[in-house]
>>> print(open('run.cif').read())   # mmCIF, C-alpha atoms
data_run
#
loop_
_atom_site.label_atom_id
_atom_site.label_comp_id
_atom_site.auth_asym_id
_atom_site.auth_seq_id
_atom_site.Cartn_x
_atom_site.Cartn_y
_atom_site.Cartn_z
CA MET A 111 0.00 0.00 0.00
CA ALA A 112 1.23 3.48 -0.84
CA TYR A 113 2.30 5.75 1.97
CA ASN A 114 0.90 9.21 1.40
CA TYR A 115 -1.60 11.79 2.64
CA LEU A 116 -4.59 9.84 1.29
CA THR A 117 -3.68 6.55 2.97
CA LEU A 118 -3.05 8.32 6.29
CA VAL A 119 -6.42 10.06 6.12
CA ASN A 120 -8.16 6.78 5.24
CA GLU A 121 -6.58 4.95 8.18
CA VAL A 122 -8.09 7.54 10.50
CA CYS A 123 -11.40 7.20 8.62
CA ARG A 124 -11.40 3.43 9.21
CA ARG A 125 -10.73 3.86 12.92
CA LEU A 126 -13.64 6.32 13.16
CA ASN A 127 -15.93 4.15 11.02
CA GLU A 128 -16.14 6.79 8.30
CA ALA A 129 -16.25 6.07 4.57
CA GLU A 130 -12.84 6.20 2.92
CA LEU A 131 -11.82 8.79 0.33
CA THR A 132 -10.36 8.19 -3.10
CA SER A 133 -7.82 10.15 -5.09
CA THR A 134 -10.80 11.61 -7.00
CA THR A 135 -12.87 12.67 -3.99
CA PHE A 136 -9.96 13.75 -1.79
CA SER A 137 -9.65 17.37 -2.94
CA THR A 138 -13.41 18.08 -2.82
CA SER A 139 -14.18 16.43 0.52
CA ASN A 140 -15.27 18.75 3.31
CA GLY A 141 -16.95 18.74 6.70
CA PHE A 142 -15.44 16.22 9.11
CA TYR A 143 -13.09 15.01 6.37
CA SER A 144 -11.46 18.43 6.39
CA GLN A 145 -10.92 17.99 10.12
CA ILE A 146 -9.30 14.60 9.56
CA LYS A 147 -6.96 16.12 6.98
CA ASP A 148 -6.08 18.90 9.43
CA SER A 149 -5.52 16.30 12.15
CA ILE A 150 -2.93 14.48 10.04
CA ASN A 151 -0.97 17.70 9.51
CA ALA A 152 -1.36 18.66 13.17
CA SER A 153 0.07 15.29 14.21
CA ILE A 154 3.05 15.67 11.86
CA ARG A 155 3.72 19.15 13.24
CA ASP A 156 3.53 17.77 16.78
CA ILE A 157 6.12 15.11 15.96
CA ASN A 158 8.44 17.64 14.32
CA GLN A 159 8.21 19.87 17.39
CA LYS A 160 9.10 17.02 19.77
CA HIS A 161 12.72 16.98 18.62
CA PHE A 162 14.71 19.81 17.09
CA ASN A 163 16.71 17.92 14.49
CA TRP A 164 15.02 14.68 13.46
CA GLN A 165 17.30 12.99 10.95
CA PHE A 166 14.45 12.65 8.43
CA ASN A 167 14.27 16.46 8.23
CA HIS A 168 17.94 16.75 7.33
CA ASN A 169 18.78 18.43 4.01
CA THR A 170 21.69 20.04 2.19
CA ASP A 171 21.85 23.23 0.18
CA GLU A 172 24.32 24.99 -2.08
CA ILE A 173 24.94 28.71 -2.40
CA THR A 174 26.80 30.19 -5.33
CA LEU A 175 28.51 33.21 -3.84
CA THR A 176 28.50 36.55 -5.63
CA ALA A 177 31.73 38.52 -5.69
CA GLY A 178 31.43 41.43 -3.26
CA GLU A 179 28.38 40.04 -1.39
CA MET A 180 28.80 38.72 2.15
CA ARG A 181 25.25 38.08 3.43
CA TYR A 182 22.93 35.34 2.16
CA PRO A 183 19.44 34.27 3.33
CA LEU A 184 18.64 30.69 4.27
CA PRO A 185 15.85 28.79 2.47
CA ASP A 186 12.37 29.49 3.81
CA GLU A 187 12.02 25.88 4.98
CA ALA A 188 15.27 25.94 6.96
CA LYS A 189 14.73 25.59 10.70
CA TYR A 190 18.40 25.50 11.63
CA ALA A 191 21.61 25.62 9.58
CA ASP A 192 24.56 23.71 11.04
CA LEU A 193 27.40 26.18 10.53
CA ASP A 194 29.91 23.51 11.50
CA THR A 195 29.18 21.76 8.15
CA VAL A 196 29.81 24.73 5.82
CA ARG A 197 32.42 23.99 3.18
CA ILE A 198 33.62 25.52 -0.07
CA GLN A 199 33.75 23.14 -3.00
CA ARG A 200 36.91 22.60 -5.00
CA ASP A 201 36.82 24.55 -8.28
CA THR A 202 40.01 24.62 -10.32
CA SER A 203 38.43 27.13 -12.74
CA LEU A 204 38.47 29.61 -9.83
CA SER A 205 42.01 28.66 -8.81
CA LEU A 206 40.63 26.79 -5.82
CA GLY A 207 42.48 23.50 -5.93
CA GLU A 208 40.89 21.86 -2.89
CA GLY A 209 37.70 21.99 -0.91
CA ARG A 210 37.86 23.43 2.56
CA LYS A 211 35.74 23.61 5.68
CA LEU A 212 35.00 27.11 6.95
CA GLY A 213 35.61 28.16 10.51
CA ILE A 214 32.90 29.78 12.63
CA LEU A 215 32.99 33.33 13.92
CA SER A 216 30.56 34.82 16.39
CA TYR A 217 28.64 37.84 15.15
CA THR A 218 30.56 40.02 17.62
CA GLU A 219 33.91 38.80 16.27
CA TYR A 220 32.70 39.43 12.73
CA LEU A 221 31.75 43.01 13.58
CA SER A 222 35.17 43.58 15.09
CA LYS A 223 37.20 42.16 12.21
CA TYR A 224 35.22 42.40 8.98
CA ILE A 225 32.38 44.93 9.24
CA ASP A 226 34.16 47.44 7.00
CA GLN A 227 33.98 44.97 4.13
CA GLU A 228 30.19 45.33 4.10
CA PHE A 229 30.78 48.82 2.70
CA GLU A 230 33.48 47.80 0.22
CA THR A 231 32.43 48.24 -3.42
CA ASP A 232 35.57 46.83 -5.04
CA ALA A 233 35.06 43.04 -5.18
CA THR A 234 38.67 42.51 -6.24
CA LYS A 235 39.69 43.36 -2.69
CA GLY A 236 37.98 40.19 -1.50
CA SER A 237 39.38 36.67 -1.26
CA VAL A 238 38.37 33.08 -0.59
CA PRO A 239 36.09 33.10 2.50
CA GLU A 240 37.57 31.51 5.60
CA TYR A 241 34.71 31.94 8.06
CA VAL A 242 30.95 31.67 8.27
CA VAL A 243 28.82 33.76 10.66
CA ARG A 244 25.20 33.52 11.81
CA SER A 245 23.69 37.00 11.67
CA GLN A 246 21.12 38.21 14.16
CA ASP A 247 18.36 38.17 11.53
CA GLY A 248 19.00 34.55 10.51
CA ASP A 249 21.15 35.16 7.43
CA ILE A 250 24.57 33.60 7.04
CA ILE A 251 27.63 35.73 6.36
CA PHE A 252 30.87 34.75 4.66
CA ALA A 253 34.13 36.45 5.58
CA PRO A 254 36.37 37.68 4.17
CA MET A 255 34.27 39.11 1.34
CA PRO A 256 34.24 36.66 -1.61
CA ASP A 257 36.01 37.80 -4.75
CA LYS A 258 34.65 35.05 -7.02
CA ALA A 259 31.58 32.86 -7.51
CA TYR A 260 32.62 30.09 -5.14
CA THR A 261 30.14 27.30 -4.42
CA VAL A 262 29.36 26.70 -0.76
CA GLU A 263 27.56 23.64 0.60
CA TYR A 264 26.02 23.28 4.04
CA GLU A 265 23.56 21.09 5.94
CA PHE A 266 20.35 22.15 7.62
CA PHE A 267 17.16 20.85 9.22
CA MET A 268 13.82 21.68 7.66
CA PHE A 269 10.39 22.87 8.68
CA PRO A 270 8.47 20.42 6.45
CA ALA A 271 5.53 21.90 4.57
CA ASP A 272 2.01 20.68 5.41
CA LEU A 273 0.65 17.90 3.23
CA SER A 274 -1.80 19.16 0.63
CA LEU A 275 -2.27 16.83 -2.34
CA HIS A 276 -3.55 13.29 -1.91
CA ASP A 277 -0.21 11.78 -2.99
CA ASP A 278 2.01 14.02 -0.84
CA VAL A 279 4.41 11.92 1.26
CA PRO A 280 5.54 12.95 4.78
CA THR A 281 9.23 13.24 5.57
CA ILE A 282 8.55 10.97 8.57
CA PRO A 283 9.48 7.39 7.57
CA PHE A 284 6.81 4.79 6.84
CA ARG A 285 7.72 2.70 9.88
CA PHE A 286 6.41 5.51 12.09
CA LYS A 287 3.11 5.85 10.25
CA HIS A 288 1.23 4.58 13.31
CA VAL A 289 2.57 7.49 15.37
CA ILE A 290 1.16 9.99 12.87
CA VAL A 291 -2.20 8.22 12.93
CA ASP A 292 -2.32 8.05 16.75
CA GLY A 293 -1.62 11.79 16.91
CA ALA A 294 -4.32 12.47 14.33
CA MET A 295 -6.78 10.37 16.31
CA TYR A 296 -6.13 12.58 19.34
CA HIS A 297 -6.98 15.72 17.38
CA ALA A 298 -10.04 14.09 15.76
CA TYR A 299 -11.40 12.90 19.11
CA MET A 300 -10.85 16.34 20.61
CA PHE A 301 -12.88 17.81 17.74
CA ARG A 302 -15.70 15.42 18.64
CA ASP A 303 -15.38 16.23 22.37
CA ASN A 304 -14.58 12.60 23.11
CA LEU A 305 -12.11 13.36 25.88
CA GLU A 306 -11.67 9.80 27.13
CA SER A 307 -10.70 8.45 23.71
CA ALA A 308 -8.58 11.54 23.06
CA SER A 309 -6.64 10.88 26.27
CA ILE A 310 -5.96 7.27 25.24
CA ALA A 311 -4.84 8.34 21.76
CA LEU A 312 -2.54 10.99 23.24
CA ARG A 313 -0.83 8.43 25.50
CA LYS A 314 -0.27 6.14 22.51
CA PHE A 315 1.08 9.07 20.51
CA ASP A 316 3.47 10.16 23.27
CA ASP A 317 4.70 6.57 23.68
CA GLY A 318 5.27 6.37 19.92
CA VAL A 319 7.32 9.58 19.90
CA LYS A 320 9.42 8.28 22.80
CA GLN A 321 10.12 5.14 20.79
CA MET A 322 11.10 7.28 17.80
CA ARG A 323 13.58 9.16 19.97
CA THR A 324 15.02 5.86 21.26
CA LEU A 325 15.52 4.54 17.74
CA LEU A 326 16.62 7.72 15.98
CA VAL A 327 18.13 10.08 18.56
CA ASN A 328 19.64 8.28 21.53
CA GLU A 329 23.28 7.28 21.17
CA ASN A 330 25.05 4.51 23.04
CA ILE A 331 28.53 5.60 24.07
CA TYR A 332 30.93 2.84 24.94
CA ALA A 333 34.17 3.09 26.91
CA ARG A 334 36.89 0.54 26.26
CA ALA A 335 40.29 -0.14 27.76
CA VAL A 336 43.36 0.88 25.72
#
>>> encode(input="run.cif", output="structure tokens")
Amino acid sequence: MAYNYLTLVNEVCRRLNEAELTSTTFSTSNGFYSQIKDSINASIRDINQKHFNWQFNHNTDEITLTAGEMRYPLPDEAKYADLDTVRIQRDTSLSLGEGRKLGILSYTEYLSKYIDQEFETDATKGSVPEYVVRSQDGDIIFAPMPDKAYTVEYEFFMFPADLSLHDDVPTIPFRFKHVIVDGAMYHAYMFRDNLESASIALRKFDDGVKQMRTLLVNENIYARAV
């Protein structure tokens, strides 16, 4: 069976003894079906808020730097960029014979050492960036000022978009489908004012999230004699 928005909604429908939707009727369904759809997205948001950097929300991005420009915005879906992963790719056409990892500067250090370059209009006075900085408005800054169109790669964790189309697939892996459904059941029961069933569904959901953390987050650290 496919794993997508439609199959998640229909699993909730079956538990609530409601007729199932099809790919044809999905977009036009309303009433309580709209609530079920909302409950699926609410459950996914709840899971994503339970842990800051779930591995299934990991992504990478590339920025092609512009000579003379130091500040660059992150993608809209980026929750958190790991500055410790920022690296410049090797590009022999730019006389950059090897890739290199950038160091991290605090914003205060950047202001002390490189702020004047923000007002520099001559890009030839730049060089290969050595540091990356997180600005106070969420942008990332490269210093010194780049003098060429270097390609930078970095890793980040996403805010996944809500599911919308019937065949949209969550970033949460299939093996945790039951956790999404349990969370959706909680929201659906709350909509129906069935507090007892909502409480049971919430306990199952919380237990499922704890199991996700055990499998995906917790690390076993071993000590051995040398």
>>> resolve_selection(input="run.cif", expression="the PyMOL selection byres ((chain A and resi 130-143) around 9)", output="list in words")
Leu116, Thr117, Val119, Asn120, Glu121, Cys123, Arg124, Asn127, Glu128, Ala129, Ser144, Gln145, Ile146, Lys147, Asp148, Ser274, Leu275, His276, Asp277 and Ala298 of chain A
>>> resolve_selection(input="run.cif", expression="the PyMOL selection byres ((chain A and resi 308-318) around 10)", output="PyMOL selection string")
chain A and resi 153+156-157+160+286-307+319-324
>>> residues_around(input="run.cif", residues="Val238 (chain A)", least_positions_apart="3", cutoff="8 Å", atoms="all atoms listed in the file", output="list of chain:residue names")
A:Pro254, A:Met255, A:Pro256, A:Asp257, A:Lys258, A:Tyr260
>>> write_last_selection(input="run.cif", atoms="C-alpha atoms", output="PDB file, in the frame of the given file")
ATOM      1  CA  PRO A 254      36.370  37.680   4.170  1.00  0.00           C
ATOM      2  CA  MET A 255      34.270  39.110   1.340  1.00  0.00           C
ATOM      3  CA  PRO A 256      34.240  36.660  -1.610  1.00  0.00           C
ATOM      4  CA  ASP A 257      36.010  37.800  -4.750  1.00  0.00           C
ATOM      5  CA  LYS A 258      34.650  35.050  -7.020  1.00  0.00           C
ATOM      6  CA  TYR A 260      32.620  30.090  -5.140  1.00  0.00           C
TER       7      TYR A 260
END
>>> atom_distance(input="run.cif", atom1="CA of Tyr190 (chain A)", atom2="CA of Pro280 (chain A)")
19.2 Å
>>> resolve_selection(input="run.cif", expression="the PyMOL selection byres ((chain A and resi 193-202) around 8)", output="list in words")
Ala191, Asp192, Ser203, Leu204, Ser205, Leu206, Gly207, Glu208, Gly209, Arg210, Lys211, Leu212, Gly213, Ile214, Val242, Val243, Arg244, Tyr260, Thr261, Val262, Glu263, Tyr264 and Glu265 of chain A
>>> residues_around(input="run.cif", residues="Glu230 (chain A)", least_positions_apart="2", cutoff="12 Å", atoms="only C-alpha atoms", output="compact mmCIF listing (two decimals) with C-alpha atoms, in the coordinates of the input")
# COMPACT_ATOMS: atom_id res chain seq x y z
CA ALA A 177 31.73 38.52 -5.69
CA GLY A 178 31.43 41.43 -3.26
CA GLU A 179 28.38 40.04 -1.39
CA MET A 180 28.80 38.72 2.15
CA TYR A 224 35.22 42.40 8.98
CA ILE A 225 32.38 44.93 9.24
CA ASP A 226 34.16 47.44 7.00
CA GLN A 227 33.98 44.97 4.13
CA GLU A 228 30.19 45.33 4.10
CA ASP A 232 35.57 46.83 -5.04
CA ALA A 233 35.06 43.04 -5.18
CA THR A 234 38.67 42.51 -6.24
CA LYS A 235 39.69 43.36 -2.69
CA GLY A 236 37.98 40.19 -1.50
CA PRO A 254 36.37 37.68 4.17
CA MET A 255 34.27 39.11 1.34
CA PRO A 256 34.24 36.66 -1.61
CA ASP A 257 36.01 37.80 -4.75
>>> atom_distance(input="run.cif", atom1="CA of Ile282 (chain A)", atom2="CA of Val122 (chain A)")
17.1 Å
>>> atom_distance(input="run.cif", atom1="CA of Pro183 (chain A)", atom2="CA of His168 (chain A)")
18.0 Å
>>> residues_around(input="run.cif", residues="Tyr217 (chain A)", least_positions_apart="4", cutoff="12 Å", atoms="all atoms listed in the file", output="ChimeraX atom specification")
/A:221-225,241-253
>>> closest_residue(input="run.cif", among="A:Asn163, A:Thr176, A:Asn151, A:Thr231", to="Asp272 (chain A)", atoms="all atoms listed in the file")
A:Asn151
